[in-house]
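Data block below; observations after.
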Amino acid sequence: MPHAEKKQNDPFYTAYLGRFSSLLSWESLDAFWRVVRERADAGWYLYAIGMPLPTRPSTRAETEKFIAQVDALLHRDHHEDYCGIVYADDKEDPSFIKIFDPHHLGVSCGFSHNPPLPGWIMTRMPPNLLEDKRKLPENRRRWWDALWE
């Protein structure tokens, strides 16, 4: 990520570095997705870190498709009996959601001097570039591209 101190007056980076709560259980994630689906036409920007920035908010259909597909990916690839890799700024009225890739977790919770970036972000404000040192794996790039074909 670009140096946060250089971006301290930017609303996106301020929101990105803000306070988030984890959806710990699969049941709470299911309930959360219902909340987000009710707001599917709220102007969500869907951003896969390592891919080009979205230039427009997603449509309701695109948001619903993304939720269904990322939820299926998380259930398939996160081999735990808990979720804990989806974070929201507000579970009842979210405007910023971080979704961590199960194959690139590092220390996604707790303290780390070098925490991993999320794999995907849903935000109701236009996102800014988040720079990741690692190259986006081809399987994730293909998954993302296939969503929009």
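Lettering and numbering for the structure tokens are positional, with chains as A, B, ... in the shown order, residues counted from 1 in each chain, and ligands counted from 1 in the shown order.
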
Contacts of Asp30 of chain A at 12 Å (only C-alpha atoms; same-chain gap of 4+ positions) as number ranges by chain: A: 23-26, 34-37, 67-68, 71-72, 74-75, 82-83, 86, 91

Using the selection just defined, write its residues with C-alpha atoms as a PDB file, in the first residue's frame.
```
ATOM      1  CA  LEU A  23     -17.457 -11.593  10.188  1.00  0.00           C
ATOM      2  CA  LEU A  24     -16.235 -14.471  12.332  1.00  0.00           C
ATOM      3  CA  SER A  25     -18.699 -17.235  11.563  1.00  0.00           C
ATOM      4  CA  TRP A  26     -20.029 -18.495   8.261  1.00  0.00           C
ATOM      5  CA  ARG A  34     -28.141 -10.516   2.891  1.00  0.00           C
ATOM      6  CA  VAL A  35     -27.609  -6.975   4.222  1.00  0.00           C
ATOM      7  CA  VAL A  36     -25.264  -6.132   1.351  1.00  0.00           C
ATOM      8  CA  ARG A  37     -27.624  -7.644  -1.247  1.00  0.00           C
ATOM      9  CA  ILE A  67     -21.184 -11.585  -3.837  1.00  0.00           C
ATOM     10  CA  ALA A  68     -22.323 -15.027  -4.984  1.00  0.00           C
ATOM     11  CA  ASP A  71     -18.812 -16.282  -1.260  1.00  0.00           C
ATOM     12  CA  ALA A  72     -18.477 -19.564  -3.175  1.00  0.00           C
ATOM     13  CA  LEU A  74     -14.333 -18.308   0.217  1.00  0.00           C
ATOM     14  CA  HIS A  75     -16.302 -21.422   1.160  1.00  0.00           C
ATOM     15  CA  TYR A  82     -15.032 -20.160  10.804  1.00  0.00           C
ATOM     16  CA  CYS A  83     -14.852 -17.285   8.341  1.00  0.00           C
ATOM     17  CA  VAL A  86     -14.257 -10.613   5.617  1.00  0.00           C
ATOM     18  CA  LYS A  91     -22.174  -4.707   9.673  1.00  0.00           C
TER      19      LYS A  91
END
```

Would you pick out the contacts of Tyr87 of chain A at 8 Å or less, using only C-alpha atoms, so that residues sharing its chain but fewer than 3 positions from it are not included, and give the list as number ranges by chain? A: 20-23, 84, 97-99

Once you have the residues from the selection above, write them out as a PDB file, in the first residue's frame, restricted to N, CA and C atoms.
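After the write, out30.pdb holds the following:
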```
ATOM      1  N   PHE A  20     -12.600  -1.658  11.396  1.00  0.00           N
ATOM      2  CA  PHE A  20     -13.363  -2.715  10.740  1.00  0.00           C
ATOM      3  C   PHE A  20     -13.649  -3.826  11.733  1.00  0.00           C
ATOM      4  N   SER A  21     -14.759  -4.520  11.509  1.00  0.00           N
ATOM      5  CA  SER A  21     -15.126  -5.683  12.316  1.00  0.00           C
ATOM      6  C   SER A  21     -15.144  -6.906  11.419  1.00  0.00           C
ATOM      7  N   SER A  22     -14.716  -8.018  11.966  1.00  0.00           N
ATOM      8  CA  SER A  22     -14.669  -9.265  11.217  1.00  0.00           C
ATOM      9  C   SER A  22     -16.007  -9.990  11.281  1.00  0.00           C
ATOM     10  N   LEU A  23     -16.339 -10.665  10.209  1.00  0.00           N
ATOM     11  CA  LEU A  23     -17.457 -11.593  10.188  1.00  0.00           C
ATOM     12  C   LEU A  23     -16.855 -12.940  10.550  1.00  0.00           C
ATOM     13  N   GLY A  84     -13.939 -15.246   9.331  1.00  0.00           N
ATOM     14  CA  GLY A  84     -12.878 -14.399   9.851  1.00  0.00           C
ATOM     15  C   GLY A  84     -11.997 -13.712   8.841  1.00  0.00           C
ATOM     16  N   ILE A  97     -15.920  -2.737   2.556  1.00  0.00           N
ATOM     17  CA  ILE A  97     -15.766  -4.152   2.902  1.00  0.00           C
ATOM     18  C   ILE A  97     -14.421  -4.627   2.364  1.00  0.00           C
ATOM     19  N   LYS A  98     -13.652  -5.282   3.218  1.00  0.00           N
ATOM     20  CA  LYS A  98     -12.383  -5.892   2.813  1.00  0.00           C
ATOM     21  C   LYS A  98     -12.569  -7.402   2.845  1.00  0.00           C
ATOM     22  N   ILE A  99     -12.210  -8.059   1.753  1.00  0.00           N
ATOM     23  CA  ILE A  99     -12.322  -9.507   1.645  1.00  0.00           C
ATOM     24  C   ILE A  99     -10.919 -10.040   1.383  1.00  0.00           C
TER      25      ILE A  99
END
```

Please determine, counting only C-alpha atoms, which residue among A:Glu27, A:Pro116, A:Asp77, A:Trp44 has the shortest atom-to-atom distance to Arg134 of chain A.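 Checking each of A:Glu27, A:Pro116, A:Asp77, A:Trp44 against Arg134 of chain A, counting only C-alpha atoms, the winner is A:Pro116.
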
If we count only C-alpha atoms and set the cut-off at 8 Å, which residues sit around segment 143-147 of chain A, ignoring sequence neighbours fewer than 6 positions away in its own chain? Please answer as a PDB file with N, CA and C atoms, in the first residue's frame.
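Saved result, part.pdb, follows:
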```pdb
ATOM      1  N   ALA A  48     -10.500  -5.585  -7.348  1.00  0.00           N
ATOM      2  CA  ALA A  48      -9.596  -6.705  -7.089  1.00  0.00           C
ATOM      3  C   ALA A  48      -8.186  -6.127  -7.057  1.00  0.00           C
ATOM      4  N   LYS A  65     -23.771 -10.789  -8.465  1.00  0.00           N
ATOM      5  CA  LYS A  65     -22.929 -11.850  -9.033  1.00  0.00           C
ATOM      6  C   LYS A  65     -21.604 -11.942  -8.279  1.00  0.00           C
ATOM      7  N   PHE A  66     -20.992 -10.793  -7.998  1.00  0.00           N
ATOM      8  CA  PHE A  66     -19.732 -10.790  -7.268  1.00  0.00           C
ATOM      9  C   PHE A  66     -19.908 -11.419  -5.890  1.00  0.00           C
ATOM     10  N   GLN A  69     -20.237 -15.182  -6.212  1.00  0.00           N
ATOM     11  CA  GLN A  69     -19.004 -15.843  -6.636  1.00  0.00           C
ATOM     12  C   GLN A  69     -17.905 -15.768  -5.579  1.00  0.00           C
TER      13      GLN A  69
END
```

Apply DSSP to the backbone of this structure and, from segment 47-90 of chain A, keep only the residues in helix (DSSP H, G or I); write these as number ranges by chain. A: 60-77

Using the selection just defined, write its residues with N, CA and C atoms as a PDB file, in the first residue's frame.
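Result file follows (again-v7.pdb):
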```
ATOM      1  N   ARG A  60     -26.519  -3.464  -9.955  1.00  0.00           N
ATOM      2  CA  ARG A  60     -27.091  -4.401  -8.988  1.00  0.00           C
ATOM      3  C   ARG A  60     -26.734  -5.835  -9.384  1.00  0.00           C
ATOM      4  N   ALA A  61     -26.907  -6.170 -10.654  1.00  0.00           N
ATOM      5  CA  ALA A  61     -26.621  -7.535 -11.117  1.00  0.00           C
ATOM      6  C   ALA A  61     -25.143  -7.884 -10.927  1.00  0.00           C
ATOM      7  N   GLU A  62     -24.249  -6.956 -11.223  1.00  0.00           N
ATOM      8  CA  GLU A  62     -22.813  -7.202 -11.044  1.00  0.00           C
ATOM      9  C   GLU A  62     -22.464  -7.387  -9.572  1.00  0.00           C
ATOM     10  N   THR A  63     -23.054  -6.582  -8.713  1.00  0.00           N
ATOM     11  CA  THR A  63     -22.796  -6.707  -7.281  1.00  0.00           C
ATOM     12  C   THR A  63     -23.293  -8.042  -6.760  1.00  0.00           C
ATOM     13  N   GLU A  64     -24.494  -8.424  -7.146  1.00  0.00           N
ATOM     14  CA  GLU A  64     -25.045  -9.702  -6.694  1.00  0.00           C
ATOM     15  C   GLU A  64     -24.221 -10.874  -7.220  1.00  0.00           C
ATOM     16  N   LYS A  65     -23.771 -10.789  -8.465  1.00  0.00           N
ATOM     17  CA  LYS A  65     -22.929 -11.850  -9.033  1.00  0.00           C
ATOM     18  C   LYS A  65     -21.604 -11.942  -8.279  1.00  0.00           C
ATOM     19  N   PHE A  66     -20.992 -10.793  -7.998  1.00  0.00           N
ATOM     20  CA  PHE A  66     -19.732 -10.790  -7.268  1.00  0.00           C
ATOM     21  C   PHE A  66     -19.908 -11.419  -5.890  1.00  0.00           C
ATOM     22  N   ILE A  67     -20.946 -11.030  -5.172  1.00  0.00           N
ATOM     23  CA  ILE A  67     -21.184 -11.585  -3.837  1.00  0.00           C
ATOM     24  C   ILE A  67     -21.326 -13.100  -3.916  1.00  0.00           C
ATOM     25  N   ALA A  68     -22.121 -13.580  -4.849  1.00  0.00           N
ATOM     26  CA  ALA A  68     -22.323 -15.027  -4.984  1.00  0.00           C
ATOM     27  C   ALA A  68     -21.012 -15.739  -5.300  1.00  0.00           C
ATOM     28  N   GLN A  69     -20.237 -15.182  -6.212  1.00  0.00           N
ATOM     29  CA  GLN A  69     -19.004 -15.843  -6.636  1.00  0.00           C
ATOM     30  C   GLN A  69     -17.905 -15.768  -5.579  1.00  0.00           C
ATOM     31  N   VAL A  70     -17.753 -14.618  -4.914  1.00  0.00           N
ATOM     32  CA  VAL A  70     -16.705 -14.518  -3.898  1.00  0.00           C
ATOM     33  C   VAL A  70     -17.090 -15.360  -2.680  1.00  0.00           C
ATOM     34  N   ASP A  71     -18.375 -15.434  -2.364  1.00  0.00           N
ATOM     35  CA  ASP A  71     -18.812 -16.282  -1.260  1.00  0.00           C
ATOM     36  C   ASP A  71     -18.507 -17.755  -1.567  1.00  0.00           C
ATOM     37  N   ALA A  72     -18.786 -18.184  -2.786  1.00  0.00           N
ATOM     38  CA  ALA A  72     -18.477 -19.564  -3.175  1.00  0.00           C
ATOM     39  C   ALA A  72     -16.967 -19.818  -3.111  1.00  0.00           C
ATOM     40  N   LEU A  73     -16.167 -18.868  -3.574  1.00  0.00           N
ATOM     41  CA  LEU A  73     -14.708 -19.001  -3.518  1.00  0.00           C
ATOM     42  C   LEU A  73     -14.230 -19.106  -2.070  1.00  0.00           C
ATOM     43  N   LEU A  74     -14.748 -18.261  -1.191  1.00  0.00           N
ATOM     44  CA  LEU A  74     -14.333 -18.308   0.217  1.00  0.00           C
ATOM     45  C   LEU A  74     -14.684 -19.646   0.846  1.00  0.00           C
ATOM     46  N   HIS A  75     -15.900 -20.129   0.594  1.00  0.00           N
ATOM     47  CA  HIS A  75     -16.302 -21.422   1.160  1.00  0.00           C
ATOM     48  C   HIS A  75     -15.449 -22.569   0.611  1.00  0.00           C
ATOM     49  N   ARG A  76     -15.096 -22.477  -0.655  1.00  0.00           N
ATOM     50  CA  ARG A  76     -14.302 -23.533  -1.291  1.00  0.00           C
ATOM     51  C   ARG A  76     -12.845 -23.505  -0.840  1.00  0.00           C
ATOM     52  N   ASP A  77     -12.261 -22.314  -0.707  1.00  0.00           N
ATOM     53  CA  ASP A  77     -10.819 -22.199  -0.494  1.00  0.00           C
ATOM     54  C   ASP A  77     -10.384 -21.944   0.944  1.00  0.00           C
TER      55      ASP A  77
END
```

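Put simply, atom CA of Pro54 of chain A is 15.3 Å away from atom CA of Ala42 of chain A.
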
I'd like to know which of A:Arg124, A:Arg142, A:Arg19, A:Lys133 is closest to Ser95 of chain A, using only C-alpha atoms.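 Ranked by minimum distance to Ser95 of chain A, first place goes to A:Arg124.
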